[in-house]
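The file upload-v4.txt contains compact mmCIF, C-alpha atoms and all ligand atoms:
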# COMPACT_ATOMS: atom_id res chain seq x y z
CA MET V 1 155.72 101.52 111.12
CA ILE V 2 153.29 99.77 113.41
CA SER V 3 151.26 96.84 112.23
CA SER V 4 148.40 94.95 113.77
CA ASP V 5 150.72 92.29 115.18
CA THR V 6 152.96 94.79 116.95
CA LEU V 7 149.95 96.61 118.36
CA PRO V 8 150.21 96.74 122.16
CA PRO V 9 147.33 94.88 123.81
CA LEU V 10 144.46 96.79 125.39
CA ILE V 11 144.02 95.57 128.94
CA GLY V 12 140.93 96.06 131.07
CA GLN V 13 137.95 94.25 132.51
CA SER V 14 135.72 96.96 133.98
CA ALA V 15 132.24 97.42 132.59
CA GLU V 16 133.26 100.88 131.34
CA PHE V 17 136.27 99.49 129.53
CA LEU V 18 134.42 96.57 127.96
CA ALA V 19 131.68 98.94 126.77
CA LEU V 20 134.38 101.08 125.22
CA LEU V 21 135.88 98.13 123.33
CA ASP V 22 132.43 97.19 122.04
CA ARG V 23 131.88 100.69 120.76
CA VAL V 24 135.28 100.79 119.08
CA SER V 25 134.47 97.53 117.29
CA LEU V 26 131.16 98.94 116.09
CA VAL V 27 132.56 102.28 114.97
CA ALA V 28 135.78 101.03 113.37
CA PRO V 29 134.34 99.52 110.15
CA VAL V 30 132.10 102.53 109.41
CA ASP V 31 134.12 104.66 107.02
CA ARG V 32 133.54 108.04 108.69
CA PRO V 33 135.56 110.40 110.91
CA VAL V 34 135.85 109.68 114.63
CA LEU V 35 136.70 111.90 117.57
CA VAL V 36 138.48 110.26 120.50
CA ILE V 37 138.15 112.28 123.69
CA GLY V 38 140.00 111.55 126.91
CA GLU V 39 142.37 112.80 129.57
CA ARG V 40 146.10 112.36 129.07
CA GLY V 41 147.24 108.77 129.34
CA THR V 42 143.81 107.19 128.88
CA GLY V 43 144.88 105.34 125.72
CA LYS V 44 143.72 107.63 122.92
CA GLU V 45 146.54 106.52 120.65
CA LEU V 46 145.88 102.86 121.29
CA ILE V 47 142.22 103.38 120.42
CA GLY V 48 143.19 105.27 117.26
CA ALA V 49 145.32 102.34 116.12
CA ARG V 50 142.55 99.88 116.94
CA LEU V 51 140.05 101.91 114.92
CA HIS V 52 142.39 101.65 111.95
CA PHE V 53 143.24 97.96 112.24
CA LEU V 54 139.59 96.98 112.72
CA SER V 55 138.56 98.99 109.65
CA THR V 56 138.55 98.02 106.00
CA ARG V 57 141.66 100.21 105.65
CA TRP V 58 143.73 97.96 107.93
CA SER V 59 146.22 96.93 105.25
CA ARG V 60 146.93 100.53 104.25
CA ASP V 61 148.92 103.21 106.07
CA TYR V 62 148.14 104.42 109.56
CA VAL V 63 149.72 107.86 109.94
CA LYS V 64 149.97 109.85 113.18
CA VAL V 65 150.50 113.59 113.47
CA ASN V 66 150.63 115.59 116.70
CA CYS V 67 149.05 118.97 115.98
CA ALA V 68 150.52 120.46 119.17
CA ALA V 69 154.11 119.56 118.34
CA LEU V 70 154.55 121.82 115.30
CA SER V 71 154.13 125.52 114.57
CA GLU V 72 151.20 126.49 112.35
CA ASP V 73 153.31 126.68 109.16
CA LEU V 74 155.18 123.47 109.82
CA LEU V 75 151.97 121.61 110.65
CA GLU V 76 150.41 122.82 107.42
CA SER V 77 153.37 121.68 105.37
CA GLU V 78 153.57 118.39 107.28
CA LEU V 79 149.91 117.64 106.61
CA PHE V 80 149.54 118.91 103.05
CA GLY V 81 153.11 118.95 101.72
CA HIS V 82 154.79 121.68 99.70
CA GLU V 83 156.26 122.32 96.27
CA ALA V 84 159.96 123.09 95.80
CA GLY V 85 160.66 126.69 96.79
CA ALA V 86 157.23 127.21 98.36
CA PHE V 87 158.91 129.00 101.24
CA THR V 88 162.41 129.70 102.51
CA GLY V 89 164.08 126.38 103.19
CA ALA V 90 161.58 124.36 101.12
CA ARG V 91 164.19 122.69 98.95
CA GLY V 92 162.55 119.78 97.22
CA ARG V 93 158.93 118.86 96.76
CA HIS V 94 157.52 117.22 99.86
CA ALA V 95 154.48 114.97 100.02
CA GLY V 96 152.28 115.67 103.02
CA ARG V 97 150.83 113.14 105.42
CA PHE V 98 147.38 113.32 103.85
CA GLU V 99 148.91 112.40 100.53
CA ARG V 100 150.93 109.56 102.01
CA ALA V 101 147.99 108.22 104.01
CA ASP V 102 145.90 107.79 100.84
CA GLY V 103 143.66 104.76 101.34
CA GLY V 104 144.49 104.64 105.04
CA THR V 105 143.82 106.49 108.29
CA ILE V 106 145.31 109.66 109.73
CA PHE V 107 145.39 110.15 113.51
CA LEU V 108 145.38 113.85 114.34
CA ASP V 109 146.48 114.04 117.96
CA GLU V 110 145.74 117.20 119.97
CA ILE V 111 143.54 118.37 117.14
CA ALA V 112 142.26 121.34 119.19
CA ASN V 113 145.73 122.86 118.73
CA ALA V 114 145.48 123.08 114.94
CA SER V 115 145.03 126.70 113.81
CA LEU V 116 141.76 127.83 112.22
CA ARG V 117 143.52 128.00 108.85
CA VAL V 118 144.75 124.42 109.11
CA GLN V 119 141.32 123.34 110.37
CA GLU V 120 139.77 124.80 107.25
CA LYS V 121 142.07 122.73 105.05
CA ILE V 122 141.37 119.61 107.09
CA LEU V 123 137.64 120.18 106.63
CA ARG V 124 138.09 120.33 102.88
CA VAL V 125 139.96 117.03 102.86
CA VAL V 126 137.32 115.43 105.05
CA GLU V 127 134.45 116.72 102.88
CA TYR V 128 135.85 116.53 99.37
CA GLY V 129 139.16 114.67 99.71
CA GLU V 130 140.83 117.69 98.07
CA PHE V 131 143.82 119.83 98.93
CA GLU V 132 146.80 121.63 97.39
CA ARG V 133 150.43 121.38 98.45
CA ILE V 134 151.75 124.66 99.81
CA GLY V 135 152.94 126.72 96.86
CA GLY V 136 151.16 124.36 94.47
CA GLU V 137 148.40 125.09 91.97
CA LYS V 138 147.27 121.58 91.30
CA THR V 139 144.39 120.20 93.35
CA LEU V 140 145.26 116.74 94.64
CA VAL V 141 142.80 114.07 95.66
CA THR V 142 143.21 111.72 98.59
CA ASP V 143 141.03 109.24 100.41
CA VAL V 144 141.86 109.32 104.11
CA ARG V 145 139.83 108.55 107.17
CA VAL V 146 140.39 111.13 109.90
CA VAL V 147 140.54 110.18 113.58
CA GLY V 148 140.97 113.23 115.81
CA ALA V 149 142.05 113.05 119.45
CA THR V 150 141.94 115.62 122.21
CA ASN V 151 141.23 116.28 125.86
CA ALA V 152 139.83 119.73 125.04
CA ASP V 153 136.16 120.63 125.25
CA LEU V 154 135.67 121.08 121.51
CA PRO V 155 132.02 122.28 121.64
CA ALA V 156 133.07 124.99 124.13
CA LEU V 157 136.00 125.98 121.90
CA ALA V 158 133.62 126.11 118.93
CA ASN V 159 131.30 128.43 120.88
CA GLU V 160 134.24 130.71 121.60
CA GLY V 161 135.19 130.72 117.91
CA LYS V 162 138.46 128.87 118.60
CA PHE V 163 137.48 125.69 116.81
CA ARG V 164 135.57 125.55 113.52
CA ALA V 165 132.01 124.44 114.18
CA ASP V 166 131.69 122.96 110.68
CA LEU V 167 134.79 120.81 111.18
CA LEU V 168 133.51 119.75 114.59
CA ASP V 169 130.19 118.72 113.02
CA ARG V 170 132.02 116.53 110.51
CA LEU V 171 134.50 114.97 112.93
CA ALA V 172 131.86 114.28 115.55
CA PHE V 173 130.18 111.69 113.35
CA GLU V 174 131.19 109.33 116.14
CA VAL V 175 132.61 110.48 119.47
CA ILE V 176 134.39 107.98 121.67
CA ASN V 177 134.88 109.07 125.27
CA LEU V 178 137.65 107.31 127.16
CA PRO V 179 136.92 106.98 130.87
CA PRO V 180 139.68 108.08 133.24
CA LEU V 181 141.30 105.32 135.28
CA ARG V 182 139.83 106.58 138.57
CA VAL V 183 136.29 105.68 137.44
CA ARG V 184 137.31 102.14 136.47
CA TRP V 185 139.40 101.08 139.44
CA GLU V 186 138.75 97.40 138.66
CA ASP V 187 141.20 97.76 135.78
CA ILE V 188 144.08 98.80 138.05
CA PRO V 189 145.11 95.31 139.28
CA ILE V 190 145.29 93.66 135.88
CA LEU V 191 146.97 96.67 134.29
CA ALA V 192 149.50 96.72 137.13
CA GLN V 193 150.08 92.99 136.79
CA HIS V 194 150.51 93.34 133.03
CA PHE V 195 152.99 96.21 133.24
CA GLY V 196 154.82 94.50 136.11
CA GLN V 197 155.27 91.27 134.17
CA ASN V 198 156.46 93.13 131.08
CA MET V 199 158.97 95.09 133.11
CA ALA V 200 160.23 91.95 134.84
CA ARG V 201 160.72 90.37 131.41
CA GLU V 202 162.50 93.48 130.13
CA LEU V 203 164.85 93.40 133.12
CA ALA V 204 165.39 89.66 132.53
CA LEU V 205 164.22 88.85 136.05
CA GLU V 206 163.48 85.24 136.82
CA ARG V 207 159.93 86.07 137.74
CA PHE V 208 157.70 89.00 138.59
CA ALA V 209 157.60 89.34 142.38
CA GLY V 210 153.95 90.42 142.57
CA PHE V 211 152.55 93.19 144.75
CA GLY V 212 152.21 93.06 148.49
CA MET V 213 149.03 94.30 150.08
CA GLN V 214 150.47 97.68 150.97
CA ALA V 215 151.66 98.30 147.42
CA MET V 216 148.34 97.23 145.95
CA ARG V 217 146.52 99.54 148.32
CA SER V 218 148.63 102.50 147.18
CA LEU V 219 147.80 101.61 143.60
CA MET V 220 144.09 101.33 144.34
CA GLU V 221 143.82 104.50 146.39
CA HIS V 222 145.71 106.85 144.11
CA GLN V 223 143.60 109.06 141.83
CA TRP V 224 145.89 108.69 138.76
CA PRO V 225 145.64 112.12 137.12
CA GLY V 226 148.04 110.81 134.45
CA ASN V 227 145.86 107.70 134.01
CA VAL V 228 147.30 104.51 132.50
CA ARG V 229 150.59 106.16 131.50
CA GLU V 230 151.17 107.23 135.10
CA LEU V 231 150.26 103.77 136.39
CA LYS V 232 152.63 102.14 133.92
CA ASN V 233 155.48 104.39 135.09
CA ALA V 234 154.77 103.82 138.76
CA VAL V 235 154.69 100.03 138.28
CA GLU V 236 157.84 99.93 136.16
CA ARG V 237 159.64 102.12 138.70
CA ALA V 238 158.54 99.82 141.53
CA VAL V 239 159.68 96.69 139.70
CA SER V 240 163.07 98.12 138.80
CA ARG V 241 163.75 99.44 142.31
CA HIS V 242 162.66 96.17 143.82
CA ALA V 243 164.94 94.27 141.46
CA ALA V 244 167.86 96.58 142.23
CA ARG V 245 167.49 95.77 145.92
CA ASN V 246 167.50 92.13 144.99
CA MET V 247 164.71 91.20 147.36
CA ASP V 248 162.91 87.93 147.50
CA ASP V 249 159.54 89.06 148.79
CA HIS V 250 156.72 90.92 147.11
CA ILE V 251 156.90 94.51 146.01
CA ASN V 252 155.88 96.56 149.00
CA GLU V 253 156.61 100.08 147.96
CA ILE V 254 155.11 102.21 145.22
CA VAL V 255 156.67 105.61 144.68
CA LEU V 256 153.86 107.68 143.23
CA ASP V 257 155.72 110.97 143.21
CA PRO V 258 159.26 110.59 141.88
CA PHE V 259 159.89 114.25 142.74
CA ALA V 260 159.22 113.69 146.42
CA ARG V 261 162.31 114.48 148.48
CA HIS V 262 163.14 111.68 150.83
CA TRP V 263 164.70 113.97 153.45
CA SER V 264 161.54 115.98 154.08
CA SER V 265 158.39 115.00 155.88
CA ALA V 266 159.32 111.34 156.07
CA LYS V 267 156.60 110.00 158.33
CA PRO V 268 157.68 107.36 160.79
CA VAL V 269 156.00 104.06 160.19
CA SER V 270 153.16 103.69 162.62
CA ASN V 271 153.32 100.67 164.85
CA GLY V 272 151.04 102.13 167.50
CA PRO V 273 147.93 100.50 168.83
CA ASP V 274 145.82 102.20 166.15
CA ALA V 275 147.75 100.64 163.31
CA PRO V 276 145.58 98.05 161.61
CA ASP V 277 146.69 94.51 162.06
CA THR V 278 147.42 93.30 158.57
CA SER V 279 149.24 90.17 159.65
CA ASP V 280 146.48 87.88 158.44
CA VAL V 281 146.18 89.57 155.07
CA PRO V 282 147.63 87.32 152.43
CA VAL V 283 149.88 89.03 149.96
CA LEU V 284 148.99 88.82 146.33
CA PRO V 285 150.26 85.73 144.64
CA PRO V 286 153.07 86.40 142.21
CA ALA V 287 151.89 86.10 138.67
CA SER V 288 152.81 82.84 137.18
CA ALA V 289 152.45 81.75 133.63
CA ASN V 290 150.62 78.60 134.63
CA MET V 291 148.01 80.39 136.74
CA PRO V 292 145.04 81.15 134.49
CA PHE V 293 144.14 84.75 133.91
CA THR V 294 140.75 84.66 135.64
CA ALA V 295 142.25 82.91 138.67
CA GLN V 296 144.80 85.70 138.97
CA VAL V 297 142.14 88.36 138.65
CA ASN V 298 139.98 86.63 141.26
CA ALA V 299 142.91 86.36 143.63
CA LEU V 300 143.61 90.06 143.20
CA GLU V 301 139.98 91.01 143.79
CA ARG V 302 139.73 88.84 146.85
CA ASN V 303 142.92 90.24 148.33
CA LEU V 304 142.01 93.83 147.66
CA ILE V 305 138.63 93.49 149.32
CA LYS V 306 139.96 91.53 152.25
CA GLY V 307 142.94 93.86 152.66
CA ALA V 308 140.73 96.93 152.77
CA LEU V 309 138.38 95.29 155.29
CA VAL V 310 141.24 94.32 157.60
CA ALA V 311 142.82 97.74 157.25
CA HIS V 312 139.54 99.37 158.27
CA GLY V 313 138.70 97.09 161.16
CA TRP V 314 136.08 95.23 159.07
CA HIS V 315 134.03 98.39 158.72
CA GLN V 316 132.44 97.73 155.33
CA GLY V 317 131.51 101.33 154.60
CA ARG V 318 135.02 102.62 155.26
CA ALA V 319 136.66 99.80 153.34
CA ALA V 320 134.37 100.49 150.38
CA ARG V 321 135.25 104.18 150.51
CA ALA V 322 138.99 103.40 150.60
CA LEU V 323 138.54 101.37 147.41
CA SER V 324 136.23 104.00 145.86
CA ILE V 325 133.44 101.49 145.46
CA SER V 326 129.89 101.56 146.74
CA TYR V 327 128.61 99.75 149.79
CA ASP V 328 126.60 97.46 147.51
CA GLN V 329 129.70 96.64 145.52
CA ILE V 330 131.75 95.64 148.53
CA ARG V 331 128.85 93.46 149.75
CA HIS V 332 128.78 91.88 146.30
CA TYR V 333 132.51 91.12 146.33
CA MET V 334 132.36 89.76 149.87
CA ARG V 335 129.63 87.34 148.81
CA LYS V 336 131.39 86.47 145.57
CA HIS V 337 134.64 85.56 147.32
CA ASP V 338 133.05 84.34 150.53
CA ILE V 339 134.94 86.84 152.65
CA LYS V 340 133.82 86.80 156.28
CA ARG V 341 135.07 88.49 159.38
CA PRO V 342 137.02 85.94 161.43
CA ALA V 343 134.98 84.82 164.44
CA ALA V 344 137.60 85.87 166.98
CA GLN V 345 137.44 89.44 165.77
CA LYS V 346 133.68 89.80 165.94
CA ALA V 347 132.70 92.48 168.39
N1 LIG V 401 143.91 99.73 128.27
C1 LIG V 401 145.24 99.75 128.16
N2 LIG V 401 145.94 98.60 128.18
C2 LIG V 401 147.29 98.59 128.11
N3 LIG V 401 148.03 99.70 127.99
C3 LIG V 401 147.40 100.89 127.95
C4 LIG V 401 145.98 100.98 128.02
N4 LIG V 401 145.62 102.29 127.96
C5 LIG V 401 146.76 102.98 127.85
N5 LIG V 401 147.85 102.16 127.84
C6 LIG V 401 149.26 102.56 127.79
O1 LIG V 401 149.36 103.79 128.48
C7 LIG V 401 150.23 104.69 127.79
C8 LIG V 401 149.46 105.92 127.36
O2 LIG V 401 148.54 105.59 126.31
P1 LIG V 401 148.26 106.61 125.09
O3 LIG V 401 147.41 105.91 124.11
O4 LIG V 401 149.57 107.17 124.59
O5 LIG V 401 147.44 107.74 125.88
P2 LIG V 401 146.97 109.18 125.41
O6 LIG V 401 147.24 109.27 123.93
O7 LIG V 401 145.51 109.22 125.74
O8 LIG V 401 147.77 110.15 126.23
C9 LIG V 401 150.82 103.89 126.64
O9 LIG V 401 152.02 103.32 127.07
C10 LIG V 401 149.79 102.84 126.39
O10 LIG V 401 150.35 101.70 125.79
MG MG V 402 148.74 110.76 123.27

When written as structure tokens, how does the structure in this file appear?
Amino acid sequence: MISSDTLPPLIGQSAEFLALLDRVSLVAPVDRPVLVIGERGTGKELIGARLHFLSTRWSRDYVKVNCAALSEDLLESELFGHEAGAFTGARGRHAGRFERADGGTIFLDEIANASLRVQEKILRVVEYGEFERIGGEKTLVTDVRVVGATNADLPALANEGKFRADLLDRLAFEVINLPPLRVRWEDIPILAQHFGQNMARELALERFAGFGMQAMRSLMEHQWPGNVRELKNAVERAVSRHAARNMDDHINEIVLDPFARHWSSAKPVSNGPDAPDTSDVPVLPPASANMPFTAQVNALERNLIKGALVAHGWHQGRAARALSISYDQIRHYMRKHDIKRPAAQKA
């Protein structure tokens, strides 16, 4: 059972992320259904929990069901329960999740995978709070707030007749869209720092080594199709491998594809004349408990911008592109952190 004090923190500082948190805070106390839409790993479950714990139902049950994990019959019985002998193998009476979540919130993950029959029953609970256990005659009443989550295009599915339009109308009272990580790159450094520190603590390391410039560049340049979950894995993998090698310096390697075979296409490290000179790029400071949060974030920002500029021969356009930010943004960050091309390198 999760509770509000075991809730994992939501980390982020991008404008997109802060706007999302604001919307969640506005939507949470309004006792209506919510749809949470987002790619895998964007934090749909974390948002679902937040919606519950910021609502008036916070002290009641928060129940999660994955609609893609069960067959149609099992999902129906899981959600609505069954009477003894309702079907082969139904030994005793079984209370469904809607019954047990009475007064609380139910999180229906992968809701697009629920069959049309189950959708119809969900609609009835949403509209009238009524349902029957499978094999039961008696109509039961429950008061549950429904939060649905999916990455599917529900309006398109409704047009194709694969999702009930009337259920969609009800659930879409509020729709919360979670932005993928690649459109809020500013969140990558603090998320990476956060996951790195947690992993270091879990491994009982003395301290978190911090990321070197090269590692941070890999993190910033990757597109993260698996979003925050993929980032978390990559960071944890990097910290544990670094710890296993017992090295003193910063983390310099991020393995983005754990399936990659090390014996094929291993590119030699370029030391040729074209290789950017990164010798004057400071590595990121290791996180330390006594360094305030904003100072750490500023240091990360400054290093990322400077690192990209050095790596691209101080060509601002190319450095901006490497970081997936606009030219105006890189100018902004250069001003903010007073980053200037060293005089000796000026053409
Ligand atoms: N903003 C965030 N801050 C901290 N951790 C996050 C954040 N977003 C996602 N995570 C973590 O990423 C992983 C995937 O999140 P989850 O909510 O399960 O994604 P989804 O349900 O969209 O696939 C979890 O370990 C979660 O704790
Ligand atoms: Mg999920």

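Taking only C-alpha atoms and all ligand atoms into account, the protein and nucleic acid residues that come at most 7 Å from ligand LIG 401 (chain V) are V:Pro8, V:Pro9, V:Leu10, V:Ile11, V:Gly12, V:Gly38, V:Glu39, V:Arg40, V:Gly41, V:Thr42, V:Gly43, V:Lys44, V:Glu45, V:Leu46, V:Ile47, V:Leu191, V:Val228, V:Arg229, V:Lys232.
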
Checklist entry - Expressed in Å to a single decimal, how great is the separation between CA of Leu70 in chain V and CA of Leu178 in chain V? => result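 A separation of 25.2 Å between them.
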
Checklist entry - Using all atoms listed in the file, which of V:Asp109, V:Glu83, V:Asp73, V:Asp61 sits nearest ligand MG 402 (chain V)? => result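 Result for the nearest residue to ligand MG 402 (chain V): V:Asp109.
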
Checklist entry - With distances taken over all atoms listed in the file, which of V:Phe195, V:Trp185, V:Tyr62, V:Phe259 is nearest to Val147 in chain V? => result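 Of V:Phe195, V:Trp185, V:Tyr62, V:Phe259, the one nearest Val147 in chain V is V:Tyr62, counting all atoms listed in the file.
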
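For the point (135.3, 117.4, 110.8) in file coordinates, the residues within 9 Å, using only C-alpha atoms, are Pro33, Val34, Leu35, Gln119, Ile122, Leu123, Arg124, Val126, Glu127, Val146, Gly148, Arg164, Ala165, Asp166, Leu167, Leu168, Asp169, Arg170, Leu171, Ala172 and Phe173 of chain V.
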
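If you measure from each of V:Ala68, V:Leu7, V:Ile254, V:Ala84 to ligand MG 402 (chain V) using only C-alpha atoms and all ligand atoms, the closest one turns out to be V:Ala68.
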
Checklist entry - Which one of V:Gly135, V:Gly212, V:Gly226, V:Gly85 sits closest to ligand MG 402 (chain V) if you count only C-alpha atoms and all ligand atoms? => result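 Among the listed residues, the smallest separation from ligand MG 402 (chain V) belongs to V:Gly226.
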
Checklist entry - When distances are computed from all atoms listed in the file, which of V:Leu51, V:Val24, V:Leu108, V:Val118 shows the smallest separation from ligand MG 402 (chain V)? => result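 For ligand MG 402 (chain V), the nearest of the candidates is V:Leu108.
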
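Rounded to one decimal, CA of Arg50 in chain V and CA of Thr150 in chain V lie 16.6 Å from each other.
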
Next on the checklist: I'd like to know which of V:Leu231, V:Leu79, V:Val297, V:Val36 is closest to ligand MG 402 (chain V), using only C-alpha atoms and all ligand atoms.
Outcome noted: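 The closest residue to ligand MG 402 (chain V) is V:Val36.
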
Item to check | Exercise: residues within 12 Å of coordinate (158.6, 98.0, 140.8), counting all atoms listed in the file, as a VMD selection string | outcome: chain V and resid 192 to 193 195 to 200 203 205 208 to 212 215 to 216 219 231 to 247 250 to 256

Mind giving me the axis-aligned box for range 9-12 of chain V with 4 Å on every side, centre plus edges in Å to one decimal, as AutoDock Vina command-line options?
--center_x 144.1 --center_y 95.8 --center_z 127.4 --size_x 14.4 --size_y 9.9 --size_z 15.3

Checklist entry - So how many Å separate CA of Ser77 in chain V and CA of Val65 in chain V, to one decimal? => result 11.8 Å
